[in-house]
file start-v7.csv (CSV, C-alpha atoms)
chain,number,residue,atom,x,y,z
A,1,MET,CA,77.7,97.4,112.0
A,2,HIS,CA,77.1,97.5,108.3
A,3,ALA,CA,80.0,97.9,105.9
A,4,ALA,CA,80.0,98.5,102.1
A,5,VAL,CA,83.0,97.3,100.1
A,6,ILE,CA,83.2,99.1,96.8
A,7,VAL,CA,84.2,97.0,93.8
A,8,PHE,CA,85.8,98.6,90.8
A,9,PRO,CA,87.0,96.8,87.6
A,10,GLY,CA,90.5,95.8,88.7
A,11,SER,CA,89.9,95.7,92.4
A,12,ASN,CA,91.6,92.6,93.8
A,13,CYS,CA,91.4,92.9,97.6
A,14,ASP,CA,87.7,93.4,97.8
A,15,ARG,CA,86.9,89.8,99.0
A,16,ASP,CA,89.8,89.7,101.4
A,17,LEU,CA,88.6,93.0,102.9
A,18,ALA,CA,85.0,91.6,103.2
A,19,VAL,CA,86.3,88.5,104.9
A,20,ALA,CA,88.3,90.5,107.5
A,21,LEU,CA,85.3,92.8,108.2
A,22,LYS,CA,82.9,89.8,108.6
A,23,ALA,CA,85.4,88.1,110.9
A,24,ALA,CA,85.3,91.1,113.1
A,25,GLY,CA,81.5,91.0,113.2
A,26,ALA,CA,80.4,93.4,110.5
A,27,LYS,CA,77.6,92.8,108.0
A,28,VAL,CA,79.1,93.4,104.6
A,29,SER,CA,77.5,94.4,101.3
A,30,MET,CA,79.6,94.5,98.1
A,31,VAL,CA,78.7,97.6,96.0
A,32,TRP,CA,79.5,97.9,92.3
A,33,HIS,CA,81.1,101.1,91.0
A,34,LYS,CA,78.3,101.9,88.6
A,35,ASP,CA,75.7,102.0,91.5
A,36,THR,CA,74.8,105.5,92.4
A,37,SER,CA,73.7,105.0,95.9
A,38,LEU,CA,74.8,102.9,99.0
A,39,PRO,CA,72.6,100.3,100.7
A,40,ASP,CA,70.5,101.8,103.5
A,41,GLY,CA,72.1,102.0,106.9
A,42,VAL,CA,75.8,101.7,105.8
A,43,ASP,CA,78.1,102.8,108.6
A,44,LEU,CA,81.5,102.2,107.0
A,45,ILE,CA,82.6,102.4,103.3
A,46,ALA,CA,85.7,100.3,102.6
A,47,ILE,CA,87.6,100.9,99.4
A,48,PRO,CA,89.8,98.0,98.6
A,49,GLY,CA,93.3,97.6,97.1
A,50,GLY,CA,93.9,96.6,93.5
A,51,PHE,CA,94.4,98.3,90.2
A,52,SER,CA,91.1,100.1,89.6
A,53,PHE,CA,90.6,100.8,85.9
A,54,GLY,CA,94.1,99.4,85.2
A,55,ASP,CA,95.7,102.5,86.9
A,56,TYR,CA,95.0,104.4,83.7
A,57,LEU,CA,95.7,108.1,83.8
A,58,ARG,CA,96.8,108.1,87.5
A,59,CYS,CA,96.2,105.4,90.2
A,60,GLY,CA,92.7,105.9,91.5
A,61,ALA,CA,91.8,108.8,89.3
A,62,ILE,CA,89.1,107.1,87.2
A,63,ALA,CA,87.7,105.3,90.2
A,64,ALA,CA,87.4,108.6,92.1
A,65,ASN,CA,85.2,109.9,89.4
A,66,SER,CA,82.9,106.9,89.0
A,67,PRO,CA,79.2,107.1,89.9
A,68,ILE,CA,79.5,105.5,93.3
A,69,CYS,CA,82.2,107.8,94.5
A,70,ARG,CA,79.8,110.7,94.6
A,71,ALA,CA,78.0,108.8,97.3
A,72,VAL,CA,81.3,107.9,99.0
A,73,VAL,CA,82.3,111.6,99.1
A,74,ALA,CA,78.8,112.6,100.4
A,75,HIS,CA,79.1,109.9,103.1
A,76,GLY,CA,82.6,111.1,104.2
A,77,GLU,CA,81.5,114.8,104.1
A,78,LYS,CA,78.6,114.2,106.4
A,79,GLY,CA,80.8,112.5,108.9
A,80,GLY,CA,80.6,108.9,107.8
A,81,TYR,CA,83.4,106.4,108.2
A,82,VAL,CA,85.5,105.6,105.1
A,83,LEU,CA,88.5,103.3,105.0
A,84,GLY,CA,90.8,103.2,101.9
A,85,ILE,CA,93.5,100.6,101.7
A,86,CYS,CA,96.3,100.8,99.1
A,87,ASN,CA,94.5,101.7,95.8
A,88,GLY,CA,91.6,102.7,98.1
A,89,PHE,CA,94.0,105.3,99.7
A,90,GLN,CA,94.9,106.5,96.2
A,91,VAL,CA,91.2,106.9,95.4
A,92,LEU,CA,90.5,108.8,98.6
A,93,THR,CA,93.3,111.3,97.8
A,94,GLU,CA,91.9,111.7,94.3
A,95,THR,CA,88.4,112.5,95.6
A,96,GLY,CA,89.9,115.1,98.0
A,97,LEU,CA,88.5,113.3,101.1
A,98,LEU,CA,92.2,113.0,102.2
A,99,PRO,CA,95.0,115.5,101.4
A,100,GLY,CA,98.1,114.8,99.4
A,101,ALA,CA,98.9,112.2,96.6
A,102,LEU,CA,100.7,108.9,96.2
A,103,LEU,CA,103.7,109.2,93.8
A,104,ARG,CA,105.7,106.4,92.1
A,105,ASN,CA,107.9,104.6,94.6
A,106,ALA,CA,111.3,106.4,94.9
A,107,GLY,CA,113.1,103.2,93.9
A,108,LEU,CA,110.7,102.7,90.9
A,109,LYS,CA,110.0,99.1,91.9
A,110,TYR,CA,106.8,97.5,92.8
A,111,ILE,CA,107.3,96.3,96.3
A,112,CYS,CA,105.4,93.3,97.8
A,113,ARG,CA,106.5,92.3,101.3
A,114,PRO,CA,105.7,92.6,105.0
A,115,VAL,CA,106.9,95.9,106.5
A,116,GLY,CA,107.1,97.3,110.1
A,117,LEU,CA,104.7,100.1,110.9
A,118,ARG,CA,104.5,102.3,114.0
A,119,VAL,CA,101.1,103.2,115.3
A,120,GLU,CA,101.3,106.9,115.8
A,121,THR,CA,98.0,107.7,117.3
A,122,THR,CA,95.4,105.6,119.1
A,123,ASP,CA,92.9,108.4,118.9
A,124,SER,CA,90.8,107.0,116.0
A,125,PRO,CA,88.3,104.1,115.7
A,126,TYR,CA,90.9,102.4,113.5
A,127,THR,CA,93.8,102.5,115.9
A,128,ALA,CA,92.1,102.4,119.3
A,129,ARG,CA,92.8,98.7,119.9
A,130,TYR,CA,96.6,99.3,119.4
A,131,SER,CA,98.9,101.0,121.9
A,132,ASP,CA,100.7,104.3,121.1
A,133,GLY,CA,104.0,103.7,119.4
A,134,GLN,CA,103.3,99.9,119.0
A,135,GLU,CA,105.2,98.3,116.1
A,136,ILE,CA,103.2,96.0,114.0
A,137,THR,CA,104.0,94.0,110.8
A,138,ILE,CA,101.6,94.5,107.8
A,139,PRO,CA,102.3,93.7,104.1
A,140,ILE,CA,102.6,96.3,101.4
A,141,ALA,CA,102.0,95.6,97.7
A,142,HIS,CA,102.3,98.7,95.6
A,143,HIS,CA,104.1,100.6,92.9
A,144,ASP,CA,102.8,104.1,93.8
A,145,GLY,CA,102.9,104.4,97.6
A,146,ASN,CA,105.3,107.3,98.0
A,147,TYR,CA,103.1,109.8,100.0
A,148,HIS,CA,103.5,113.4,99.1
A,149,CYS,CA,101.9,116.7,100.2
A,150,ASP,CA,102.9,120.3,100.5
A,151,ALA,CA,104.7,121.7,103.6
A,152,ASP,CA,101.5,123.3,105.0
A,153,THR,CA,99.5,120.1,104.7
A,154,LEU,CA,102.3,118.2,106.4
A,155,ALA,CA,102.5,120.7,109.2
A,156,GLN,CA,98.7,120.3,109.6
A,157,LEU,CA,98.8,116.5,109.6
A,158,ARG,CA,101.5,116.6,112.3
A,159,GLY,CA,99.9,119.3,114.3
A,160,GLU,CA,96.5,117.6,114.4
A,161,ASN,CA,98.1,114.2,115.1
A,162,ARG,CA,96.6,112.8,111.9
A,163,VAL,CA,99.4,110.5,110.9
A,164,ALA,CA,98.0,107.1,111.9
A,165,PHE,CA,100.9,104.9,110.8
A,166,ARG,CA,104.6,105.5,109.9
A,167,TYR,CA,107.0,103.1,108.3
A,168,VAL,CA,109.7,101.9,110.7
A,169,ASP,CA,112.0,101.7,107.6
A,170,THR,CA,110.4,103.5,104.7
A,171,PRO,CA,110.4,101.3,101.6
A,172,ASN,CA,109.0,103.8,99.1
A,173,GLY,CA,110.3,107.3,99.7
A,174,ALA,CA,107.1,108.4,101.5
A,175,LEU,CA,107.3,112.0,102.9
A,176,ASP,CA,107.9,111.9,106.7
A,177,ASP,CA,107.7,108.0,106.5
A,178,ILE,CA,103.9,108.3,106.2
A,179,ALA,CA,102.0,105.1,105.7
A,180,GLY,CA,98.5,106.2,106.6
A,181,ILE,CA,96.6,109.4,107.5
A,182,LEU,CA,93.3,110.4,109.0
A,183,SER,CA,90.8,113.1,108.1
A,184,PRO,CA,90.3,116.0,110.5
A,185,ASN,CA,87.3,114.2,112.2
A,186,ARG,CA,89.4,111.0,112.4
A,187,ARG,CA,86.7,108.9,110.6
A,188,VAL,CA,88.4,108.7,107.2
A,189,LEU,CA,91.6,106.6,107.1
A,190,GLY,CA,93.8,106.0,104.1
A,191,MET,CA,96.8,103.7,104.3
A,192,MET,CA,99.0,101.9,101.8
A,193,PRO,CA,99.7,98.7,103.8
A,194,HIS,CA,97.1,95.9,103.8
A,195,PRO,CA,95.8,95.0,107.3
A,196,GLU,CA,93.3,92.6,105.7
A,197,ARG,CA,96.2,90.5,104.6
A,198,MET,CA,97.4,90.1,108.2
A,199,ALA,CA,94.1,89.4,109.9
A,200,GLU,CA,94.1,85.7,110.8
A,201,PRO,CA,96.7,83.2,111.9
A,202,ALA,CA,96.8,81.5,108.4
A,203,HIS,CA,98.1,84.8,107.0
A,204,GLY,CA,101.3,84.4,109.1
A,205,GLY,CA,100.2,87.1,111.6
A,206,THR,CA,97.2,88.9,113.0
A,207,ASP,CA,98.5,92.5,113.4
A,208,GLY,CA,95.8,93.8,111.1
A,209,ALA,CA,92.9,92.3,113.1
A,210,PRO,CA,92.7,94.9,115.8
A,211,MET,CA,91.9,97.6,113.2
A,212,PHE,CA,88.8,95.8,112.1
A,213,ALA,CA,87.8,94.8,115.7
A,214,GLY,CA,88.2,98.4,116.9
A,215,LEU,CA,86.2,99.7,114.0
A,216,VAL,CA,83.3,97.3,114.7
A,217,ASP,CA,83.5,98.1,118.4
A,218,ASP,CA,83.3,101.8,117.8
A,219,LEU,CA,80.4,101.5,115.3
A,220,VAL,CA,78.4,99.1,117.3
A,221,SER,CA,78.6,101.2,120.4
A,222,ALA,CA,77.9,104.5,118.4
B,1,MET,CA,89.2,121.1,66.7
B,2,LYS,CA,92.0,119.7,68.8
B,3,ALA,CA,93.5,120.4,72.2
B,4,ARG,CA,96.8,119.2,73.4
B,5,VAL,CA,97.3,119.1,77.2
B,6,HIS,CA,100.8,118.9,78.7
B,7,ILE,CA,101.0,117.5,82.2
B,8,MET,CA,104.2,117.7,84.3
B,9,LEU,CA,105.0,117.0,87.9
B,10,LYS,CA,105.3,120.3,89.7
B,11,THR,CA,108.7,121.8,90.4
B,12,GLY,CA,109.9,120.4,93.8
B,13,VAL,CA,108.0,117.1,93.4
B,14,LEU,CA,110.6,114.4,93.0
B,15,ASP,CA,110.4,112.6,89.6
B,16,PRO,CA,112.1,109.2,90.1
B,17,GLN,CA,111.3,108.2,86.5
B,18,GLY,CA,113.0,111.3,85.1
B,19,GLU,CA,116.0,110.6,87.4
B,20,ALA,CA,116.3,107.0,86.1
B,21,VAL,CA,116.2,108.3,82.5
B,22,ARG,CA,119.0,110.8,83.4
B,23,HIS,CA,121.1,108.0,84.8
B,24,ALA,CA,120.5,105.9,81.7
B,25,LEU,CA,121.6,108.8,79.4
B,26,GLY,CA,124.7,109.2,81.5
B,27,SER,CA,125.6,105.5,81.2
B,28,LEU,CA,125.1,105.8,77.4
B,29,GLY,CA,127.8,108.4,77.3
B,30,PHE,CA,125.6,111.5,76.9
B,31,GLU,CA,127.3,114.1,79.1
B,32,GLY,CA,126.0,117.2,80.6
B,33,VAL,CA,122.4,116.1,81.1
B,34,ASN,CA,121.7,117.9,84.4
B,35,GLY,CA,118.1,117.0,84.8
B,36,VAL,CA,115.3,115.0,83.2
B,37,ARG,CA,111.6,115.5,84.0
B,38,GLN,CA,109.1,113.2,82.5
B,39,GLY,CA,105.5,114.2,81.9
B,40,LYS,CA,102.6,113.3,79.6
B,41,VAL,CA,100.7,114.7,76.7
B,42,ILE,CA,97.0,114.1,76.2
B,43,GLU,CA,95.4,115.0,72.8
B,44,LEU,CA,91.7,115.7,72.7
B,45,ASP,CA,89.6,115.7,69.6
B,46,LEU,CA,86.8,118.1,70.4
B,47,ALA,CA,83.5,119.3,68.8
B,48,ASP,CA,83.7,122.7,67.1
B,49,GLY,CA,83.3,125.6,69.4
B,50,ALA,CA,85.0,123.9,72.4
B,51,THR,CA,86.8,126.5,74.5
B,52,GLU,CA,90.1,126.5,76.3
B,53,ALA,CA,88.2,127.2,79.5
B,54,GLN,CA,86.3,123.9,79.0
B,55,VAL,CA,89.6,122.0,78.6
B,56,LYS,CA,91.0,123.6,81.7
B,57,GLU,CA,88.0,122.5,83.6
B,58,MET,CA,88.7,118.9,82.3
B,59,CYS,CA,92.3,119.3,83.6
B,60,GLU,CA,91.2,120.5,87.0
B,61,LYS,CA,88.6,117.7,87.4
B,62,LEU,CA,90.3,114.7,85.9
B,63,LEU,CA,93.2,115.0,83.5
B,64,ALA,CA,95.7,116.5,86.1
B,65,ASN,CA,96.1,116.1,89.8
B,66,THR,CA,96.9,119.6,90.8
B,67,VAL,CA,98.3,118.5,94.1
B,68,ILE,CA,101.3,117.2,92.3
B,69,GLU,CA,101.0,118.2,88.7
B,70,SER,CA,100.8,121.3,86.6
B,71,TYR,CA,99.3,121.5,83.1
B,72,SER,CA,99.2,123.7,80.1
B,73,VAL,CA,96.7,123.7,77.2
B,74,GLU,CA,97.3,124.3,73.5
B,75,MET,CA,94.2,124.7,71.3
B,76,SER,CA,94.5,124.2,67.5
call {"tool": "encode", "arguments": {"input": "start-v7.csv", "output": "structure tokens"}}
result
Amino acid sequence: MHAAVIVFPGSNCDRDLAVALKAAGAKVSMVWHKDTSLPDGVDLIAIPGGFSFGDYLRCGAIAANSPICRAVVAHGEKGGYVLGICNGFQVLTETGLLPGALLRNAGLKYICRPVGLRVETTDSPYTARYSDGQEITIPIAHHDGNYHCDADTLAQLRGENRVAFRYVDTPNGALDDIAGILSPNRRVLGMMPHPERMAEPAHGGTDGAPMFAGLVDDLVSA
Amino acid sequence: MKARVHIMLKTGVLDPQGEAVRHALGSLGFEGVNGVRQGKVIELDLADGATEAQVKEMCEKLLANTVIESYSVEMS
């Protein structure tokens, strides 16, 4: 399984994400935002957390319009796997690959701490290694993680079972406690919490590791 | 020529920053402030001949996120 981790100016979780993917057995290429194409044979594009372009204009907005993102959108639109974590989730909503937007946290504060998440569906390569309703602990670190979408989109997300994770105790005001959502084909996942920061025992927990293991499983057998 | 773009969160989208400003005004003794909405203004210095339609396209593609924001354009 070959993963491409996209690196923007201001990305700061790119190396952590690469380490977590490699530990699960993936081959990883780092891809700079000014590149216009992806390495041959890429199965998964991973967009890391951080503060791409200093969060100027809106979080993820400049990154979503960078040269490499045209290739990211094309990969997602033809059915490729795309994972966006934290700022990566913000980038995916700005590209339109995922619906909705991430607003400023309701309490206005930047929040950096482990939170409880509930796995709401195991029907995706990202969540297949968890059990339905399983509660896991994954850190968040964001200022703009308050998920928002219109009522029709929310009804669609619920109806199609596309909410991947909900907060057990919502820290940021997110609509319907949403922490992560899937695309209609379940191959694009955006989530605010950082599974790559809870992927080996030295992190204080390994609740994030099954996501990477499940992803590699799925893509190796595909 | 210049264009001025006003961007605001759409009605119905909670604006926690505006709400914090409203509280601060109240604690300074300003009474009767029923609501505060905070937005942004972007000024563009454009080549002659630029049209409002072009600026609107810039808003749709980058300057505003129309999922959560509305915008208006003033040309001068």
call {"tool": "residues_near_point", "arguments": {"input": "start-v7.csv", "point": "(101.7, 116.7, 83.3)", "cutoff": "8 Å", "atoms": "all atoms listed in the file", "output": "list in words"}}
result
Val5, His6, Ile7, Met8, Leu9, Gly39, Lys40, Val41, Ala64, Glu69, Ser70 and Tyr71 of chain B
call {"tool": "write_last_selection", "arguments": {"input": "start-v7.csv", "atoms": "C-alpha atoms", "output": "CSV table (one decimal), in the coordinates of the input"}}
result
chain,number,residue,atom,x,y,z
B,5,VAL,CA,97.3,119.1,77.2
B,6,HIS,CA,100.8,118.9,78.7
B,7,ILE,CA,101.0,117.5,82.2
B,8,MET,CA,104.2,117.7,84.3
B,9,LEU,CA,105.0,117.0,87.9
B,39,GLY,CA,105.5,114.2,81.9
B,40,LYS,CA,102.6,113.3,79.6
B,41,VAL,CA,100.7,114.7,76.7
B,64,ALA,CA,95.7,116.5,86.1
B,69,GLU,CA,101.0,118.2,88.7
B,70,SER,CA,100.8,121.3,86.6
B,71,TYR,CA,99.3,121.5,83.1
call {"tool": "interface_residues", "arguments": {"input": "start-v7.csv", "of": "chain A", "to": "chain B", "cutoff": "9 Å", "atoms": "only C-alpha atoms", "output": "CSV table (one decimal) with C-alpha atoms, in the frame of the given file"}}
result
chain,number,residue,atom,x,y,z
A,57,LEU,CA,95.7,108.1,83.8
A,58,ARG,CA,96.8,108.1,87.5
A,61,ALA,CA,91.8,108.8,89.3
A,62,ILE,CA,89.1,107.1,87.2
A,65,ASN,CA,85.2,109.9,89.4
A,94,GLU,CA,91.9,111.7,94.3
A,99,PRO,CA,95.0,115.5,101.4
A,100,GLY,CA,98.1,114.8,99.4
A,101,ALA,CA,98.9,112.2,96.6
A,103,LEU,CA,103.7,109.2,93.8
A,104,ARG,CA,105.7,106.4,92.1
A,105,ASN,CA,107.9,104.6,94.6
A,106,ALA,CA,111.3,106.4,94.9
A,107,GLY,CA,113.1,103.2,93.9
A,108,LEU,CA,110.7,102.7,90.9
A,148,HIS,CA,103.5,113.4,99.1
A,149,CYS,CA,101.9,116.7,100.2
A,150,ASP,CA,102.9,120.3,100.5
call {"tool": "closest_residue", "arguments": {"input": "start-v7.csv", "among": "A:Cys59, A:Asp35, A:Asp144, A:Phe8", "to": "Cys112 in chain A", "atoms": "all atoms listed in the file"}}
result
A:Asp144
call {"tool": "atom_distance", "arguments": {"input": "start-v7.csv", "atom1": "CA of Leu215 in chain A", "atom2": "CA of Leu21 in chain A"}}
result
9.1 Å
call {"tool": "closest_residue", "arguments": {"input": "start-v7.csv", "among": "A:Phe89, A:Tyr167, A:Trp32, A:Phe51", "to": "Ile68 in chain A", "atoms": "only C-alpha atoms"}}
result
A:Trp32
call {"tool": "closest_residue", "arguments": {"input": "start-v7.csv", "among": "A:Ser66, A:Ser37, A:Asn185, A:Asn146", "to": "Gly79 in chain A", "atoms": "only C-alpha atoms"}}
result
A:Asn185
call {"tool": "residues_near_point", "arguments": {"input": "start-v7.csv", "point": "(74.0, 97.7, 105.7)", "cutoff": "7 Å", "atoms": "all atoms listed in the file", "output": "PDB file with C-alpha atoms, in the coordinates of the input"}}
result
ATOM      1  CA  HIS A   2      77.100  97.500 108.300  1.00  0.00           C
ATOM      2  CA  ALA A   3      80.000  97.900 105.900  1.00  0.00           C
ATOM      3  CA  LYS A  27      77.600  92.800 108.000  1.00  0.00           C
ATOM      4  CA  VAL A  28      79.100  93.400 104.600  1.00  0.00           C
ATOM      5  CA  SER A  29      77.500  94.400 101.300  1.00  0.00           C
ATOM      6  CA  PRO A  39      72.600 100.300 100.700  1.00  0.00           C
ATOM      7  CA  ASP A  40      70.500 101.800 103.500  1.00  0.00           C
ATOM      8  CA  GLY A  41      72.100 102.000 106.900  1.00  0.00           C
ATOM      9  CA  VAL A  42      75.800 101.700 105.800  1.00  0.00           C
TER      10      VAL A  42
END
call {"tool": "residues_around", "arguments": {"input": "start-v7.csv", "residues": "Tyr81 in chain A", "least_positions_apart": "3", "cutoff": "6 Å", "atoms": "only C-alpha atoms", "output": "VMD selection string"}}
result
chain A and resid 44 187 to 188
call {"tool": "atom_distance", "arguments": {"input": "start-v7.csv", "atom1": "CA of Phe53 in chain A", "atom2": "CA of Cys86 in chain A"}}
result
14.4 Å
call {"tool": "atom_distance", "arguments": {"input": "start-v7.csv", "atom1": "CA of Pro67 in chain A", "atom2": "CA of Leu219 in chain A"}}
result
26.0 Å
call {"tool": "decode", "arguments": {"input": "start-v7.csv", "residues": "range 105-135 of chain A", "atoms": "N, CA and C atoms", "output": "PDB file, in the first residue's frame"}}
result
ATOM      1  N   ASN A 105     -14.124  27.272  17.410  1.00  0.00           N
ATOM      2  CA  ASN A 105     -14.679  26.554  18.565  1.00  0.00           C
ATOM      3  C   ASN A 105     -15.674  27.446  19.307  1.00  0.00           C
ATOM      4  N   ALA A 106     -16.775  26.839  19.760  1.00  0.00           N
ATOM      5  CA  ALA A 106     -17.835  27.624  20.401  1.00  0.00           C
ATOM      6  C   ALA A 106     -17.307  28.401  21.611  1.00  0.00           C
ATOM      7  N   GLY A 107     -16.345  27.832  22.338  1.00  0.00           N
ATOM      8  CA  GLY A 107     -15.796  28.517  23.514  1.00  0.00           C
ATOM      9  C   GLY A 107     -14.650  29.449  23.179  1.00  0.00           C
ATOM     10  N   LEU A 108     -14.350  29.611  21.897  1.00  0.00           N
ATOM     11  CA  LEU A 108     -13.316  30.513  21.360  1.00  0.00           C
ATOM     12  C   LEU A 108     -11.893  30.113  21.702  1.00  0.00           C
ATOM     13  N   LYS A 109     -11.735  29.045  22.461  1.00  0.00           N
ATOM     14  CA  LYS A 109     -10.381  28.673  22.888  1.00  0.00           C
ATOM     15  C   LYS A 109      -9.808  27.573  22.001  1.00  0.00           C
ATOM     16  N   TYR A 110      -8.494  27.638  21.823  1.00  0.00           N
ATOM     17  CA  TYR A 110      -7.752  26.529  21.226  1.00  0.00           C
ATOM     18  C   TYR A 110      -7.753  25.402  22.261  1.00  0.00           C
ATOM     19  N   ILE A 111      -8.117  24.198  21.848  1.00  0.00           N
ATOM     20  CA  ILE A 111      -8.194  23.087  22.809  1.00  0.00           C
ATOM     21  C   ILE A 111      -7.219  21.992  22.389  1.00  0.00           C
ATOM     22  N   CYS A 112      -6.369  21.580  23.319  1.00  0.00           N
ATOM     23  CA  CYS A 112      -5.370  20.550  23.060  1.00  0.00           C
ATOM     24  C   CYS A 112      -5.414  19.554  24.204  1.00  0.00           C
ATOM     25  N   ARG A 113      -6.145  18.445  24.031  1.00  0.00           N
ATOM     26  CA  ARG A 113      -6.213  17.415  25.073  1.00  0.00           C
ATOM     27  C   ARG A 113      -6.858  16.154  24.500  1.00  0.00           C
ATOM     28  N   PRO A 114      -6.616  15.024  25.158  1.00  0.00           N
ATOM     29  CA  PRO A 114      -7.282  13.801  24.706  1.00  0.00           C
ATOM     30  C   PRO A 114      -8.787  13.905  24.953  1.00  0.00           C
ATOM     31  N   VAL A 115      -9.582  13.392  24.009  1.00  0.00           N
ATOM     32  CA  VAL A 115     -11.040  13.388  24.183  1.00  0.00           C
ATOM     33  C   VAL A 115     -11.580  11.992  23.866  1.00  0.00           C
ATOM     34  N   GLY A 116     -12.771  11.716  24.385  1.00  0.00           N
ATOM     35  CA  GLY A 116     -13.444  10.452  24.091  1.00  0.00           C
ATOM     36  C   GLY A 116     -14.195  10.559  22.767  1.00  0.00           C
ATOM     37  N   LEU A 117     -14.057   9.536  21.952  1.00  0.00           N
ATOM     38  CA  LEU A 117     -14.802   9.466  20.686  1.00  0.00           C
ATOM     39  C   LEU A 117     -15.585   8.165  20.666  1.00  0.00           C
ATOM     40  N   ARG A 118     -16.744   8.191  20.003  1.00  0.00           N
ATOM     41  CA  ARG A 118     -17.503   6.967  19.789  1.00  0.00           C
ATOM     42  C   ARG A 118     -17.434   6.617  18.300  1.00  0.00           C
ATOM     43  N   VAL A 119     -17.065   5.367  18.026  1.00  0.00           N
ATOM     44  CA  VAL A 119     -17.020   4.900  16.636  1.00  0.00           C
ATOM     45  C   VAL A 119     -18.458   4.634  16.213  1.00  0.00           C
ATOM     46  N   GLU A 120     -18.944   5.406  15.226  1.00  0.00           N
ATOM     47  CA  GLU A 120     -20.366   5.342  14.869  1.00  0.00           C
ATOM     48  C   GLU A 120     -20.666   4.391  13.721  1.00  0.00           C
ATOM     49  N   THR A 121     -19.635   4.008  12.976  1.00  0.00           N
ATOM     50  CA  THR A 121     -19.847   3.018  11.916  1.00  0.00           C
ATOM     51  C   THR A 121     -18.545   2.257  11.714  1.00  0.00           C
ATOM     52  N   THR A 122     -18.665   0.966  11.489  1.00  0.00           N
ATOM     53  CA  THR A 122     -17.470   0.178  11.160  1.00  0.00           C
ATOM     54  C   THR A 122     -17.449  -0.107   9.660  1.00  0.00           C
ATOM     55  N   ASP A 123     -18.423   0.485   8.956  1.00  0.00           N
ATOM     56  CA  ASP A 123     -18.521   0.263   7.522  1.00  0.00           C
ATOM     57  C   ASP A 123     -17.661   1.277   6.763  1.00  0.00           C
ATOM     58  N   SER A 124     -16.351   1.162   6.924  1.00  0.00           N
ATOM     59  CA  SER A 124     -15.401   1.979   6.161  1.00  0.00           C
ATOM     60  C   SER A 124     -14.028   1.366   6.404  1.00  0.00           C
ATOM     61  N   PRO A 125     -13.111   1.543   5.447  1.00  0.00           N
ATOM     62  CA  PRO A 125     -11.774   0.971   5.654  1.00  0.00           C
ATOM     63  C   PRO A 125     -11.073   1.595   6.866  1.00  0.00           C
ATOM     64  N   TYR A 126     -11.496   2.792   7.252  1.00  0.00           N
ATOM     65  CA  TYR A 126     -10.843   3.495   8.362  1.00  0.00           C
ATOM     66  C   TYR A 126     -11.298   2.964   9.726  1.00  0.00           C
ATOM     67  N   THR A 127     -12.524   2.465   9.759  1.00  0.00           N
ATOM     68  CA  THR A 127     -13.108   2.105  11.054  1.00  0.00           C
ATOM     69  C   THR A 127     -13.401   0.609  11.188  1.00  0.00           C
ATOM     70  N   ALA A 128     -13.032  -0.169  10.164  1.00  0.00           N
ATOM     71  CA  ALA A 128     -13.386  -1.598  10.151  1.00  0.00           C
ATOM     72  C   ALA A 128     -12.761  -2.383  11.309  1.00  0.00           C
ATOM     73  N   ARG A 129     -11.625  -1.914  11.810  1.00  0.00           N
ATOM     74  CA  ARG A 129     -10.948  -2.635  12.890  1.00  0.00           C
ATOM     75  C   ARG A 129     -11.465  -2.257  14.286  1.00  0.00           C
ATOM     76  N   TYR A 130     -12.408  -1.325  14.337  1.00  0.00           N
ATOM     77  CA  TYR A 130     -13.042  -0.987  15.624  1.00  0.00           C
ATOM     78  C   TYR A 130     -14.361  -1.752  15.707  1.00  0.00           C
ATOM     79  N   SER A 131     -15.026  -1.664  16.872  1.00  0.00           N
ATOM     80  CA  SER A 131     -16.366  -2.256  16.940  1.00  0.00           C
ATOM     81  C   SER A 131     -17.390  -1.126  16.997  1.00  0.00           C
ATOM     82  N   ASP A 132     -18.609  -1.401  16.546  1.00  0.00           N
ATOM     83  CA  ASP A 132     -19.677  -0.394  16.527  1.00  0.00           C
ATOM     84  C   ASP A 132     -19.908   0.145  17.926  1.00  0.00           C
ATOM     85  N   GLY A 133     -19.897   1.446  18.080  1.00  0.00           N
ATOM     86  CA  GLY A 133     -20.164   2.052  19.380  1.00  0.00           C
ATOM     87  C   GLY A 133     -18.968   2.046  20.328  1.00  0.00           C
ATOM     88  N   GLN A 134     -17.837   1.526  19.871  1.00  0.00           N
ATOM     89  CA  GLN A 134     -16.637   1.484  20.724  1.00  0.00           C
ATOM     90  C   GLN A 134     -16.221   2.903  21.119  1.00  0.00           C
ATOM     91  N   GLU A 135     -15.842   3.081  22.376  1.00  0.00           N
ATOM     92  CA  GLU A 135     -15.343   4.395  22.797  1.00  0.00           C
ATOM     93  C   GLU A 135     -13.827   4.348  22.844  1.00  0.00           C
TER      94      GLU A 135
END
